[in-house]
file target_2.cif (mmCIF, N, CA and C atoms)
data_upload
#
loop_
_atom_site.label_atom_id
_atom_site.label_comp_id
_atom_site.auth_asym_id
_atom_site.auth_seq_id
_atom_site.Cartn_x
_atom_site.Cartn_y
_atom_site.Cartn_z
N MET U 1 0.84 -1.18 0.00
CA MET U 1 0.00 0.00 0.00
C MET U 1 0.88 1.24 0.00
N ILE U 2 0.51 2.22 -0.77
CA ILE U 2 1.28 3.45 -0.86
C ILE U 2 0.87 4.38 0.26
N GLY U 3 1.84 4.89 0.99
CA GLY U 3 1.56 5.84 2.07
C GLY U 3 1.42 7.24 1.49
N LEU U 4 0.30 7.87 1.76
CA LEU U 4 0.07 9.23 1.29
C LEU U 4 0.43 10.22 2.38
N PRO U 5 0.91 11.42 1.99
CA PRO U 5 1.27 12.40 3.01
C PRO U 5 0.02 12.95 3.68
N SER U 6 0.17 13.34 4.94
CA SER U 6 -0.94 13.96 5.66
C SER U 6 -1.13 15.38 5.16
N LEU U 7 -2.27 15.98 5.49
CA LEU U 7 -2.51 17.37 5.11
C LEU U 7 -1.48 18.28 5.76
N ARG U 8 -1.09 17.98 6.98
CA ARG U 8 -0.09 18.80 7.66
C ARG U 8 1.25 18.71 6.93
N ALA U 9 1.60 17.51 6.47
CA ALA U 9 2.85 17.34 5.73
C ALA U 9 2.79 18.09 4.41
N LEU U 10 1.65 18.06 3.74
CA LEU U 10 1.51 18.81 2.49
C LEU U 10 1.69 20.30 2.72
N ASP U 11 1.03 20.81 3.75
CA ASP U 11 1.09 22.25 4.02
C ASP U 11 2.46 22.70 4.50
N GLY U 12 3.19 21.80 5.16
CA GLY U 12 4.49 22.18 5.69
C GLY U 12 5.63 21.99 4.71
N ALA U 13 5.37 21.32 3.62
CA ALA U 13 6.43 21.04 2.65
C ALA U 13 6.88 22.32 1.94
N GLN U 14 8.17 22.43 1.78
CA GLN U 14 8.71 23.56 1.04
C GLN U 14 8.60 23.25 -0.44
N GLY U 15 8.05 24.13 -1.18
CA GLY U 15 7.90 23.88 -2.61
C GLY U 15 7.15 25.00 -3.27
N ALA U 16 6.52 24.67 -4.33
CA ALA U 16 5.80 25.65 -5.11
C ALA U 16 4.61 26.21 -4.33
N ARG U 17 4.37 27.48 -4.49
CA ARG U 17 3.19 28.11 -3.90
C ARG U 17 2.04 27.96 -4.90
N ILE U 18 0.82 28.10 -4.38
CA ILE U 18 -0.37 27.91 -5.21
C ILE U 18 -1.21 29.18 -5.15
N TRP U 19 -1.52 29.72 -6.31
CA TRP U 19 -2.30 30.96 -6.40
C TRP U 19 -3.59 30.68 -7.17
N LEU U 20 -4.71 31.19 -6.65
CA LEU U 20 -6.01 31.07 -7.29
C LEU U 20 -6.45 32.46 -7.76
N ALA U 21 -6.75 32.59 -9.04
CA ALA U 21 -7.28 33.85 -9.58
C ALA U 21 -8.73 33.98 -9.13
N ALA U 22 -9.08 35.15 -8.59
CA ALA U 22 -10.42 35.36 -8.04
C ALA U 22 -11.49 35.43 -9.11
N GLU U 23 -11.19 36.04 -10.22
CA GLU U 23 -12.21 36.21 -11.26
C GLU U 23 -12.19 35.05 -12.25
N ALA U 24 -13.32 34.83 -12.85
CA ALA U 24 -13.44 33.75 -13.85
C ALA U 24 -12.53 34.03 -15.04
N THR U 25 -12.07 32.94 -15.65
CA THR U 25 -11.16 33.03 -16.80
C THR U 25 -11.78 32.31 -17.98
N ASP U 26 -11.57 32.85 -19.15
CA ASP U 26 -12.02 32.22 -20.39
C ASP U 26 -11.21 30.93 -20.56
N MET U 27 -11.88 29.80 -20.56
CA MET U 27 -11.19 28.51 -20.64
C MET U 27 -10.63 28.22 -22.04
N ARG U 28 -10.88 29.10 -22.99
CA ARG U 28 -10.24 28.94 -24.30
C ARG U 28 -8.79 29.42 -24.26
N CYS U 29 -8.39 30.09 -23.18
CA CYS U 29 -7.02 30.58 -23.04
C CYS U 29 -6.05 29.41 -23.01
N GLY U 30 -4.96 29.58 -23.72
CA GLY U 30 -3.90 28.59 -23.73
C GLY U 30 -2.74 29.03 -22.85
N PHE U 31 -1.59 28.44 -23.08
CA PHE U 31 -0.42 28.71 -22.25
C PHE U 31 -0.08 30.20 -22.18
N ASP U 32 0.06 30.83 -23.34
CA ASP U 32 0.53 32.22 -23.37
C ASP U 32 -0.46 33.19 -22.74
N ARG U 33 -1.74 33.05 -23.04
CA ARG U 33 -2.73 33.96 -22.46
C ARG U 33 -2.87 33.74 -20.96
N LEU U 34 -2.77 32.51 -20.50
CA LEU U 34 -2.82 32.26 -19.06
C LEU U 34 -1.57 32.83 -18.37
N ALA U 35 -0.43 32.73 -19.02
CA ALA U 35 0.80 33.32 -18.45
C ALA U 35 0.65 34.83 -18.33
N GLU U 36 0.00 35.46 -19.31
CA GLU U 36 -0.26 36.90 -19.23
C GLU U 36 -1.22 37.22 -18.09
N ARG U 37 -2.20 36.36 -17.87
CA ARG U 37 -3.15 36.56 -16.76
C ARG U 37 -2.45 36.41 -15.41
N VAL U 38 -1.46 35.53 -15.35
CA VAL U 38 -0.68 35.39 -14.12
C VAL U 38 -0.02 36.72 -13.78
N LYS U 39 0.57 37.36 -14.78
CA LYS U 39 1.22 38.66 -14.56
C LYS U 39 0.21 39.75 -14.22
N ALA U 40 -0.90 39.81 -14.97
CA ALA U 40 -1.86 40.91 -14.82
C ALA U 40 -2.76 40.76 -13.61
N VAL U 41 -3.27 39.57 -13.36
CA VAL U 41 -4.27 39.36 -12.30
C VAL U 41 -3.64 38.95 -10.98
N ILE U 42 -2.70 38.02 -11.03
CA ILE U 42 -2.12 37.47 -9.82
C ILE U 42 -0.84 38.22 -9.41
N SER U 43 -0.27 38.98 -10.33
CA SER U 43 0.96 39.76 -10.09
C SER U 43 2.13 38.87 -9.67
N GLN U 44 2.29 37.76 -10.35
CA GLN U 44 3.40 36.85 -10.10
C GLN U 44 4.10 36.54 -11.42
N ASP U 45 5.28 35.94 -11.31
CA ASP U 45 6.05 35.52 -12.48
C ASP U 45 5.60 34.12 -12.89
N PRO U 46 5.08 33.96 -14.11
CA PRO U 46 4.62 32.63 -14.53
C PRO U 46 5.74 31.61 -14.68
N LEU U 47 7.00 32.06 -14.72
CA LEU U 47 8.13 31.14 -14.85
C LEU U 47 8.70 30.73 -13.49
N SER U 48 8.02 31.09 -12.42
CA SER U 48 8.52 30.85 -11.05
C SER U 48 8.43 29.39 -10.62
N GLY U 49 7.62 28.59 -11.30
CA GLY U 49 7.42 27.21 -10.88
C GLY U 49 6.25 27.04 -9.93
N HIS U 50 5.60 28.15 -9.56
CA HIS U 50 4.41 28.07 -8.71
C HIS U 50 3.24 27.57 -9.55
N LEU U 51 2.17 27.16 -8.88
CA LEU U 51 0.96 26.71 -9.57
C LEU U 51 -0.06 27.85 -9.58
N PHE U 52 -0.66 28.08 -10.73
CA PHE U 52 -1.64 29.15 -10.89
C PHE U 52 -2.95 28.52 -11.33
N VAL U 53 -3.98 28.71 -10.51
CA VAL U 53 -5.27 28.05 -10.71
C VAL U 53 -6.27 29.06 -11.26
N PHE U 54 -6.97 28.66 -12.32
CA PHE U 54 -7.99 29.49 -12.95
C PHE U 54 -9.28 28.69 -13.05
N ARG U 55 -10.40 29.35 -12.83
CA ARG U 55 -11.70 28.68 -12.90
C ARG U 55 -12.52 29.27 -14.04
N SER U 56 -13.47 28.49 -14.53
CA SER U 56 -14.37 28.96 -15.59
C SER U 56 -15.49 29.79 -14.99
N ARG U 57 -16.22 30.47 -15.84
CA ARG U 57 -17.32 31.32 -15.38
C ARG U 57 -18.38 30.51 -14.63
N ARG U 58 -18.72 29.34 -15.15
CA ARG U 58 -19.74 28.50 -14.49
C ARG U 58 -19.18 27.68 -13.33
N GLY U 59 -17.86 27.57 -13.24
CA GLY U 59 -17.23 26.89 -12.11
C GLY U 59 -17.07 25.40 -12.26
N GLU U 60 -17.35 24.84 -13.44
CA GLU U 60 -17.22 23.40 -13.62
C GLU U 60 -15.87 23.00 -14.21
N ARG U 61 -15.03 23.98 -14.49
CA ARG U 61 -13.72 23.72 -15.10
C ARG U 61 -12.63 24.45 -14.33
N LEU U 62 -11.48 23.81 -14.23
CA LEU U 62 -10.29 24.41 -13.64
C LEU U 62 -9.11 24.17 -14.55
N LYS U 63 -8.24 25.16 -14.64
CA LYS U 63 -6.96 25.00 -15.32
C LYS U 63 -5.88 25.41 -14.32
N ILE U 64 -4.82 24.63 -14.31
CA ILE U 64 -3.67 24.93 -13.46
C ILE U 64 -2.45 25.04 -14.37
N LEU U 65 -1.81 26.19 -14.31
CA LEU U 65 -0.63 26.46 -15.14
C LEU U 65 0.61 26.49 -14.25
N THR U 66 1.67 25.86 -14.71
CA THR U 66 2.95 25.92 -14.01
C THR U 66 4.08 25.82 -15.03
N TRP U 67 5.26 26.24 -14.63
CA TRP U 67 6.45 26.14 -15.46
C TRP U 67 7.29 24.99 -14.94
N ASP U 68 7.72 24.11 -15.84
CA ASP U 68 8.50 22.94 -15.45
C ASP U 68 9.81 22.91 -16.22
N ARG U 69 10.84 23.51 -15.71
CA ARG U 69 12.20 23.56 -16.24
C ARG U 69 12.34 24.02 -17.67
N ASP U 70 11.60 23.41 -18.59
CA ASP U 70 11.82 23.75 -20.00
C ASP U 70 10.53 24.07 -20.75
N GLY U 71 9.44 24.26 -20.03
CA GLY U 71 8.19 24.62 -20.71
C GLY U 71 7.01 24.63 -19.75
N TYR U 72 5.92 25.18 -20.25
CA TYR U 72 4.70 25.25 -19.44
C TYR U 72 4.01 23.88 -19.38
N VAL U 73 3.35 23.64 -18.26
CA VAL U 73 2.50 22.47 -18.09
C VAL U 73 1.11 23.01 -17.77
N LEU U 74 0.11 22.48 -18.46
CA LEU U 74 -1.27 22.92 -18.25
C LEU U 74 -2.10 21.71 -17.87
N TRP U 75 -2.72 21.79 -16.70
CA TRP U 75 -3.58 20.72 -16.19
C TRP U 75 -5.00 21.24 -16.27
N TYR U 76 -5.91 20.45 -16.82
CA TYR U 76 -7.28 20.90 -17.09
C TYR U 76 -8.25 19.85 -16.58
N LYS U 77 -9.23 20.30 -15.78
CA LYS U 77 -10.22 19.35 -15.27
C LYS U 77 -11.62 19.90 -15.52
N LEU U 78 -12.47 19.05 -16.08
CA LEU U 78 -13.88 19.36 -16.34
C LEU U 78 -14.72 18.37 -15.56
N LEU U 79 -15.61 18.90 -14.72
CA LEU U 79 -16.50 18.03 -13.95
C LEU U 79 -17.68 17.60 -14.81
N GLU U 80 -18.07 16.34 -14.69
CA GLU U 80 -19.26 15.84 -15.41
C GLU U 80 -20.52 16.48 -14.88
N SER U 81 -20.57 16.70 -13.56
CA SER U 81 -21.72 17.39 -12.96
C SER U 81 -21.23 18.16 -11.74
N GLY U 82 -21.93 19.21 -11.41
CA GLY U 82 -21.56 20.02 -10.26
C GLY U 82 -20.50 21.05 -10.60
N VAL U 83 -20.07 21.77 -9.58
CA VAL U 83 -19.06 22.81 -9.74
C VAL U 83 -18.02 22.69 -8.64
N PHE U 84 -16.86 23.27 -8.89
CA PHE U 84 -15.82 23.33 -7.86
C PHE U 84 -16.24 24.37 -6.84
N ARG U 85 -16.17 24.01 -5.56
CA ARG U 85 -16.51 24.93 -4.47
C ARG U 85 -15.22 25.53 -3.94
N LEU U 86 -15.00 26.78 -4.29
CA LEU U 86 -13.76 27.47 -3.95
C LEU U 86 -13.92 28.23 -2.64
N PRO U 87 -12.80 28.56 -1.99
CA PRO U 87 -12.91 29.32 -0.74
C PRO U 87 -13.44 30.73 -1.00
N ARG U 88 -14.06 31.29 0.03
CA ARG U 88 -14.54 32.67 -0.07
C ARG U 88 -13.34 33.60 -0.12
N LEU U 89 -13.44 34.61 -0.97
CA LEU U 89 -12.35 35.56 -1.12
C LEU U 89 -12.75 36.90 -0.53
N LYS U 90 -11.76 37.64 -0.05
CA LYS U 90 -12.03 38.97 0.47
C LYS U 90 -12.49 39.87 -0.67
N GLU U 91 -13.40 40.77 -0.33
CA GLU U 91 -13.93 41.71 -1.33
C GLU U 91 -12.79 42.52 -1.95
N GLY U 92 -12.75 42.57 -3.27
CA GLY U 92 -11.75 43.34 -3.98
C GLY U 92 -10.44 42.62 -4.23
N SER U 93 -10.26 41.41 -3.69
CA SER U 93 -9.01 40.69 -3.92
C SER U 93 -9.03 40.09 -5.32
N ARG U 94 -7.88 40.12 -5.96
CA ARG U 94 -7.76 39.58 -7.32
C ARG U 94 -7.24 38.16 -7.33
N SER U 95 -6.60 37.76 -6.24
CA SER U 95 -6.10 36.40 -6.13
C SER U 95 -5.92 36.05 -4.66
N VAL U 96 -5.77 34.77 -4.41
CA VAL U 96 -5.55 34.28 -3.05
C VAL U 96 -4.58 33.12 -3.11
N GLU U 97 -3.73 33.03 -2.10
CA GLU U 97 -2.81 31.90 -2.03
C GLU U 97 -3.50 30.74 -1.33
N LEU U 98 -3.37 29.56 -1.90
CA LEU U 98 -3.96 28.34 -1.33
C LEU U 98 -2.87 27.49 -0.72
N ARG U 99 -3.24 26.73 0.29
CA ARG U 99 -2.36 25.69 0.82
C ARG U 99 -2.51 24.46 -0.07
N PRO U 100 -1.49 23.61 -0.13
CA PRO U 100 -1.64 22.38 -0.92
C PRO U 100 -2.84 21.54 -0.48
N SER U 101 -3.10 21.50 0.82
CA SER U 101 -4.25 20.73 1.30
C SER U 101 -5.56 21.33 0.81
N GLU U 102 -5.63 22.66 0.69
CA GLU U 102 -6.84 23.30 0.19
C GLU U 102 -7.07 22.95 -1.28
N LEU U 103 -6.01 22.97 -2.08
CA LEU U 103 -6.14 22.58 -3.48
C LEU U 103 -6.58 21.12 -3.59
N ALA U 104 -6.02 20.26 -2.77
CA ALA U 104 -6.40 18.85 -2.77
C ALA U 104 -7.89 18.70 -2.45
N MET U 105 -8.37 19.47 -1.47
CA MET U 105 -9.80 19.39 -1.11
C MET U 105 -10.68 19.89 -2.24
N ILE U 106 -10.28 20.98 -2.89
CA ILE U 106 -11.06 21.51 -4.02
C ILE U 106 -11.16 20.45 -5.12
N LEU U 107 -10.05 19.85 -5.46
CA LEU U 107 -10.03 18.84 -6.53
C LEU U 107 -10.78 17.58 -6.14
N ASP U 108 -10.89 17.31 -4.84
CA ASP U 108 -11.64 16.13 -4.36
C ASP U 108 -13.12 16.41 -4.17
N GLY U 109 -13.55 17.64 -4.44
CA GLY U 109 -14.97 17.96 -4.36
C GLY U 109 -15.46 18.43 -3.01
N ILE U 110 -14.57 18.80 -2.13
CA ILE U 110 -14.98 19.30 -0.82
C ILE U 110 -15.38 20.76 -0.95
N ASP U 111 -16.52 21.12 -0.36
CA ASP U 111 -17.06 22.48 -0.44
C ASP U 111 -16.24 23.39 0.46
N MET U 112 -15.38 24.20 -0.13
CA MET U 112 -14.50 25.09 0.63
C MET U 112 -15.26 26.24 1.28
N THR U 113 -16.46 26.55 0.80
CA THR U 113 -17.22 27.66 1.40
C THR U 113 -17.78 27.28 2.77
N LYS U 114 -17.88 25.99 3.05
CA LYS U 114 -18.45 25.56 4.32
C LYS U 114 -17.39 25.19 5.36
N LEU U 115 -16.15 25.27 4.96
CA LEU U 115 -15.08 24.94 5.90
C LEU U 115 -14.75 26.13 6.77
N LYS U 116 -14.42 25.85 7.99
CA LYS U 116 -14.02 26.90 8.92
C LYS U 116 -12.73 26.44 9.58
N ARG U 117 -11.70 27.24 9.44
CA ARG U 117 -10.42 26.89 10.05
C ARG U 117 -10.49 27.23 11.54
N VAL U 118 -10.23 26.24 12.34
CA VAL U 118 -10.27 26.40 13.79
C VAL U 118 -8.93 26.95 14.25
N PRO U 119 -8.94 28.00 15.09
CA PRO U 119 -7.65 28.53 15.57
C PRO U 119 -6.90 27.46 16.35
N ARG U 120 -5.62 27.34 16.06
CA ARG U 120 -4.80 26.33 16.73
C ARG U 120 -3.59 27.03 17.31
N THR U 121 -3.05 26.43 18.31
CA THR U 121 -1.87 26.99 18.95
C THR U 121 -0.79 25.93 19.02
N SER U 122 0.42 26.37 18.93
CA SER U 122 1.53 25.42 19.06
C SER U 122 2.26 25.64 20.38
N GLU U 123 1.69 26.50 21.25
CA GLU U 123 2.31 26.75 22.53
C GLU U 123 2.10 25.56 23.45
N PRO U 124 3.11 25.23 24.26
CA PRO U 124 2.93 24.16 25.22
C PRO U 124 1.93 24.57 26.29
N ALA U 125 1.32 23.60 26.93
CA ALA U 125 0.29 23.85 27.93
C ALA U 125 0.81 24.72 29.07
N GLU U 126 2.08 24.54 29.46
CA GLU U 126 2.63 25.32 30.57
C GLU U 126 2.66 26.81 30.24
N ALA U 127 2.93 27.17 28.99
CA ALA U 127 3.02 28.58 28.59
C ALA U 127 1.65 29.24 28.58
N THR U 128 0.61 28.48 28.35
CA THR U 128 -0.74 29.06 28.30
C THR U 128 -1.45 28.99 29.63
N GLY U 129 -0.86 28.29 30.60
CA GLY U 129 -1.48 28.17 31.91
C GLY U 129 -2.51 27.06 31.99
N ARG U 130 -2.67 26.29 30.93
CA ARG U 130 -3.62 25.18 30.93
C ARG U 130 -2.92 23.91 31.39
N ARG U 131 -3.68 23.04 31.99
CA ARG U 131 -3.14 21.75 32.39
C ARG U 131 -3.14 20.82 31.19
N SER U 132 -2.09 20.09 31.06
CA SER U 132 -2.00 19.12 29.98
C SER U 132 -2.73 17.84 30.38
N ARG U 133 -3.44 17.23 29.43
CA ARG U 133 -4.10 15.95 29.70
C ARG U 133 -3.09 14.81 29.68
N TYR U 134 -1.94 15.05 29.10
CA TYR U 134 -0.96 13.99 28.95
C TYR U 134 0.25 14.28 29.81
N LYS U 135 0.52 13.41 30.75
CA LYS U 135 1.69 13.55 31.60
C LYS U 135 2.72 12.53 31.14
N LEU U 136 3.87 13.00 30.79
CA LEU U 136 4.93 12.11 30.34
C LEU U 136 5.98 12.03 31.43
N SER U 137 6.24 10.90 31.89
CA SER U 137 7.24 10.71 32.92
C SER U 137 8.44 10.00 32.31
N VAL U 138 9.58 10.63 32.45
CA VAL U 138 10.80 10.03 31.91
C VAL U 138 11.09 8.72 32.66
N ALA U 139 10.78 8.70 33.95
CA ALA U 139 11.06 7.50 34.75
C ALA U 139 10.23 6.31 34.27
N SER U 140 9.03 6.57 33.77
CA SER U 140 8.18 5.46 33.35
C SER U 140 8.73 4.74 32.11
N TYR U 141 9.66 5.39 31.39
CA TYR U 141 10.27 4.75 30.23
C TYR U 141 11.65 4.19 30.56
N GLY U 142 12.03 4.26 31.82
CA GLY U 142 13.33 3.70 32.23
C GLY U 142 14.50 4.55 31.79
N ILE U 143 14.27 5.82 31.51
CA ILE U 143 15.35 6.72 31.08
C ILE U 143 15.86 7.46 32.31
N THR U 144 17.15 7.49 32.50
CA THR U 144 17.69 8.21 33.65
C THR U 144 18.48 9.42 33.22
#
call {"tool": "encode", "arguments": {"input": "target_2.cif", "output": "structure tokens"}}
result
Amino acid sequence: MIGLPSLRALDGAQGARIWLAAEATDMRCGFDRLAERVKAVISQDPLSGHLFVFRSRRGERLKILTWDRDGYVLWYKLLESGVFRLPRLKEGSRSVELRPSELAMILDGIDMTKLKRVPRTSEPAEATGRRSRYKLSVASYGIT
């Protein structure tokens, strides 16, 4: 069985960034026109190796453009039924950066408009004044 990375591992991995264009894009656009849209709408360099995601007006199609060492790569997905549910964008924003896990959820059909990110903390319980539910005793593992 192939082990797949966790969402945390995907989000923590160093690599290409993912940008979603806020406005609908004409899906007849090819490599060159999408590269121009990357510059104009997303304000990024299309040769950076990042992934640039564009959606159709009706929302049933996505194109992802990226540069791969010696040329553009264009990934295109058309849903048989339904639409891609993208995250809500701030008013007036032209693009938004996605986490790899968010792109994976969009492509898997998860409704991003209904997701709510729960605030998390990485502070230890002692720093926040809360009691930890887990007590680890070095002595219990025979470590001196």
call {"tool": "atom_distance", "arguments": {"input": "target_2.cif", "atom1": "CA of Arg94 in chain U", "atom2": "atom N of Glu23 in chain U"}}
result
5.7 Å
call {"tool": "residues_near_point", "arguments": {"input": "target_2.cif", "point": "(-5.3, 23.8, -10.3)", "cutoff": "9 Å", "atoms": "only C-alpha atoms", "output": "JSON, numbers by chain"}}
result
{"U": [18, 19, 20, 51, 52, 53, 54, 55, 62, 63, 64, 65, 74, 75, 76, 77, 103, 106, 107]}
call {"tool": "write_last_selection", "arguments": {"input": "target_2.cif", "atoms": "N, CA and C atoms", "output": "PDB file, in the coordinates of the input"}}
result
ATOM      1  N   ILE U  18       0.820  28.100  -4.380  1.00  0.00           N
ATOM      2  CA  ILE U  18      -0.370  27.910  -5.210  1.00  0.00           C
ATOM      3  C   ILE U  18      -1.210  29.180  -5.150  1.00  0.00           C
ATOM      4  N   TRP U  19      -1.520  29.720  -6.310  1.00  0.00           N
ATOM      5  CA  TRP U  19      -2.300  30.960  -6.400  1.00  0.00           C
ATOM      6  C   TRP U  19      -3.590  30.680  -7.170  1.00  0.00           C
ATOM      7  N   LEU U  20      -4.710  31.190  -6.650  1.00  0.00           N
ATOM      8  CA  LEU U  20      -6.010  31.070  -7.290  1.00  0.00           C
ATOM      9  C   LEU U  20      -6.450  32.460  -7.760  1.00  0.00           C
ATOM     10  N   LEU U  51       2.170  27.160  -8.880  1.00  0.00           N
ATOM     11  CA  LEU U  51       0.960  26.710  -9.570  1.00  0.00           C
ATOM     12  C   LEU U  51      -0.060  27.850  -9.580  1.00  0.00           C
ATOM     13  N   PHE U  52      -0.660  28.080 -10.730  1.00  0.00           N
ATOM     14  CA  PHE U  52      -1.640  29.150 -10.890  1.00  0.00           C
ATOM     15  C   PHE U  52      -2.950  28.520 -11.330  1.00  0.00           C
ATOM     16  N   VAL U  53      -3.980  28.710 -10.510  1.00  0.00           N
ATOM     17  CA  VAL U  53      -5.270  28.050 -10.710  1.00  0.00           C
ATOM     18  C   VAL U  53      -6.270  29.060 -11.260  1.00  0.00           C
ATOM     19  N   PHE U  54      -6.970  28.660 -12.320  1.00  0.00           N
ATOM     20  CA  PHE U  54      -7.990  29.490 -12.950  1.00  0.00           C
ATOM     21  C   PHE U  54      -9.280  28.690 -13.050  1.00  0.00           C
ATOM     22  N   ARG U  55     -10.400  29.350 -12.830  1.00  0.00           N
ATOM     23  CA  ARG U  55     -11.700  28.680 -12.900  1.00  0.00           C
ATOM     24  C   ARG U  55     -12.520  29.270 -14.040  1.00  0.00           C
ATOM     25  N   LEU U  62     -11.480  23.810 -14.230  1.00  0.00           N
ATOM     26  CA  LEU U  62     -10.290  24.410 -13.640  1.00  0.00           C
ATOM     27  C   LEU U  62      -9.110  24.170 -14.550  1.00  0.00           C
ATOM     28  N   LYS U  63      -8.240  25.160 -14.640  1.00  0.00           N
ATOM     29  CA  LYS U  63      -6.960  25.000 -15.320  1.00  0.00           C
ATOM     30  C   LYS U  63      -5.880  25.410 -14.320  1.00  0.00           C
ATOM     31  N   ILE U  64      -4.820  24.630 -14.310  1.00  0.00           N
ATOM     32  CA  ILE U  64      -3.670  24.930 -13.460  1.00  0.00           C
ATOM     33  C   ILE U  64      -2.450  25.040 -14.370  1.00  0.00           C
ATOM     34  N   LEU U  65      -1.810  26.190 -14.310  1.00  0.00           N
ATOM     35  CA  LEU U  65      -0.630  26.460 -15.140  1.00  0.00           C
ATOM     36  C   LEU U  65       0.610  26.490 -14.250  1.00  0.00           C
ATOM     37  N   LEU U  74       0.110  22.480 -18.460  1.00  0.00           N
ATOM     38  CA  LEU U  74      -1.270  22.920 -18.250  1.00  0.00           C
ATOM     39  C   LEU U  74      -2.100  21.710 -17.870  1.00  0.00           C
ATOM     40  N   TRP U  75      -2.720  21.790 -16.700  1.00  0.00           N
ATOM     41  CA  TRP U  75      -3.580  20.720 -16.190  1.00  0.00           C
ATOM     42  C   TRP U  75      -5.000  21.240 -16.270  1.00  0.00           C
ATOM     43  N   TYR U  76      -5.910  20.450 -16.820  1.00  0.00           N
ATOM     44  CA  TYR U  76      -7.280  20.900 -17.090  1.00  0.00           C
ATOM     45  C   TYR U  76      -8.250  19.850 -16.580  1.00  0.00           C
ATOM     46  N   LYS U  77      -9.230  20.300 -15.780  1.00  0.00           N
ATOM     47  CA  LYS U  77     -10.220  19.350 -15.270  1.00  0.00           C
ATOM     48  C   LYS U  77     -11.620  19.900 -15.520  1.00  0.00           C
ATOM     49  N   LEU U 103      -6.010  22.970  -2.080  1.00  0.00           N
ATOM     50  CA  LEU U 103      -6.140  22.580  -3.480  1.00  0.00           C
ATOM     51  C   LEU U 103      -6.580  21.120  -3.590  1.00  0.00           C
ATOM     52  N   ILE U 106     -10.280  20.980  -2.890  1.00  0.00           N
ATOM     53  CA  ILE U 106     -11.060  21.510  -4.020  1.00  0.00           C
ATOM     54  C   ILE U 106     -11.160  20.450  -5.120  1.00  0.00           C
ATOM     55  N   LEU U 107     -10.050  19.850  -5.460  1.00  0.00           N
ATOM     56  CA  LEU U 107     -10.030  18.840  -6.530  1.00  0.00           C
ATOM     57  C   LEU U 107     -10.780  17.580  -6.140  1.00  0.00           C
TER      58      LEU U 107
END
call {"tool": "closest_residue", "arguments": {"input": "target_2.cif", "among": "U:Glu80, U:Asp26, U:Asp70, U:Glu91", "to": "Ser48 in chain U", "atoms": "only C-alpha atoms"}}
result
U:Asp70
call {"tool": "resolve_selection", "arguments": {"input": "target_2.cif", "expression": "the PyMOL selection byres ((chain U and resi 111-120) around 7)", "output": "short mmCIF file (atom, residue, chain, number, x, y, z; two decimals) with N, CA and C atoms, in the frame of the given file"}}
result
data_model
loop_
_atom_site.label_atom_id
_atom_site.label_comp_id
_atom_site.auth_asym_id
_atom_site.auth_seq_id
_atom_site.Cartn_x
_atom_site.Cartn_y
_atom_site.Cartn_z
N PHE U 84 -16.86 23.27 -8.89
CA PHE U 84 -15.82 23.33 -7.86
C PHE U 84 -16.24 24.37 -6.84
N ARG U 85 -16.17 24.01 -5.56
CA ARG U 85 -16.51 24.93 -4.47
C ARG U 85 -15.22 25.53 -3.94
N LEU U 86 -15.00 26.78 -4.29
CA LEU U 86 -13.76 27.47 -3.95
C LEU U 86 -13.92 28.23 -2.64
N PRO U 87 -12.80 28.56 -1.99
CA PRO U 87 -12.91 29.32 -0.74
C PRO U 87 -13.44 30.73 -1.00
N ARG U 88 -14.06 31.29 0.03
CA ARG U 88 -14.54 32.67 -0.07
C ARG U 88 -13.34 33.60 -0.12
N MET U 105 -8.37 19.47 -1.47
CA MET U 105 -9.80 19.39 -1.11
C MET U 105 -10.68 19.89 -2.24
N ILE U 106 -10.28 20.98 -2.89
CA ILE U 106 -11.06 21.51 -4.02
C ILE U 106 -11.16 20.45 -5.12
N ASP U 108 -10.89 17.31 -4.84
CA ASP U 108 -11.64 16.13 -4.36
C ASP U 108 -13.12 16.41 -4.17
N GLY U 109 -13.55 17.64 -4.44
CA GLY U 109 -14.97 17.96 -4.36
C GLY U 109 -15.46 18.43 -3.01
N ILE U 110 -14.57 18.80 -2.13
CA ILE U 110 -14.98 19.30 -0.82
C ILE U 110 -15.38 20.76 -0.95
N THR U 121 -3.05 26.43 18.31
CA THR U 121 -1.87 26.99 18.95
C THR U 121 -0.79 25.93 19.02
N SER U 122 0.42 26.37 18.93
CA SER U 122 1.53 25.42 19.06
C SER U 122 2.26 25.64 20.38
N GLU U 123 1.69 26.50 21.25
CA GLU U 123 2.31 26.75 22.53
C GLU U 123 2.10 25.56 23.45
#
call {"tool": "atom_distance", "arguments": {"input": "target_2.cif", "atom1": "atom N of Ser43 in chain U", "atom2": "CA of Leu89 in chain U"}}
result
15.6 Å
call {"tool": "atom_distance", "arguments": {"input": "target_2.cif", "atom1": "CA of Leu47 in chain U", "atom2": "CA of Trp67 in chain U"}}
result
5.3 Å
call {"tool": "select_by_dssp", "arguments": {"input": "target_2.cif", "residues": "range 1-97 of chain U", "states": "strand (DSSP E)", "output": "list of chain:residue names"}}
result
U:Ile18, U:Trp19, U:Leu20, U:Ala21, U:Leu51, U:Phe52, U:Val53, U:Phe54, U:Arg55, U:Arg61, U:Leu62, U:Lys63, U:Ile64, U:Leu65, U:Thr66, U:Trp67, U:Tyr72, U:Val73, U:Leu74, U:Trp75, U:Tyr76, U:Lys77, U:Leu78, U:Ser95, U:Val96, U:Glu97
call {"tool": "closest_residue", "arguments": {"input": "target_2.cif", "among": "U:Ala21, U:Tyr72, U:Gly82, U:Ala104", "to": "Arg37 in chain U", "atoms": "all atoms listed in the file"}}
result
U:Ala21
call {"tool": "select_by_dssp", "arguments": {"input": "target_2.cif", "residues": "range 91-122 of chain U", "states": "alpha helix (DSSP H)", "output": "PyMOL selection string"}}
result
chain U and resi 100-107
call {"tool": "closest_residue", "arguments": {"input": "target_2.cif", "among": "U:Val73, U:Ala16, U:Val38, U:Cys29", "to": "Ser56 in chain U", "atoms": "only C-alpha atoms"}}
result
U:Cys29
call {"tool": "closest_residue", "arguments": {"input": "target_2.cif", "among": "U:Arg17, U:Asp32, U:Ala22, U:Met27", "to": "Gly49 in chain U", "atoms": "all atoms listed in the file"}}
result
U:Arg17
call {"tool": "closest_residue", "arguments": {"input": "target_2.cif", "among": "U:Arg58, U:Lys90, U:Arg99, U:His50", "to": "Ala24 in chain U", "atoms": "all atoms listed in the file"}}
result
U:Arg58
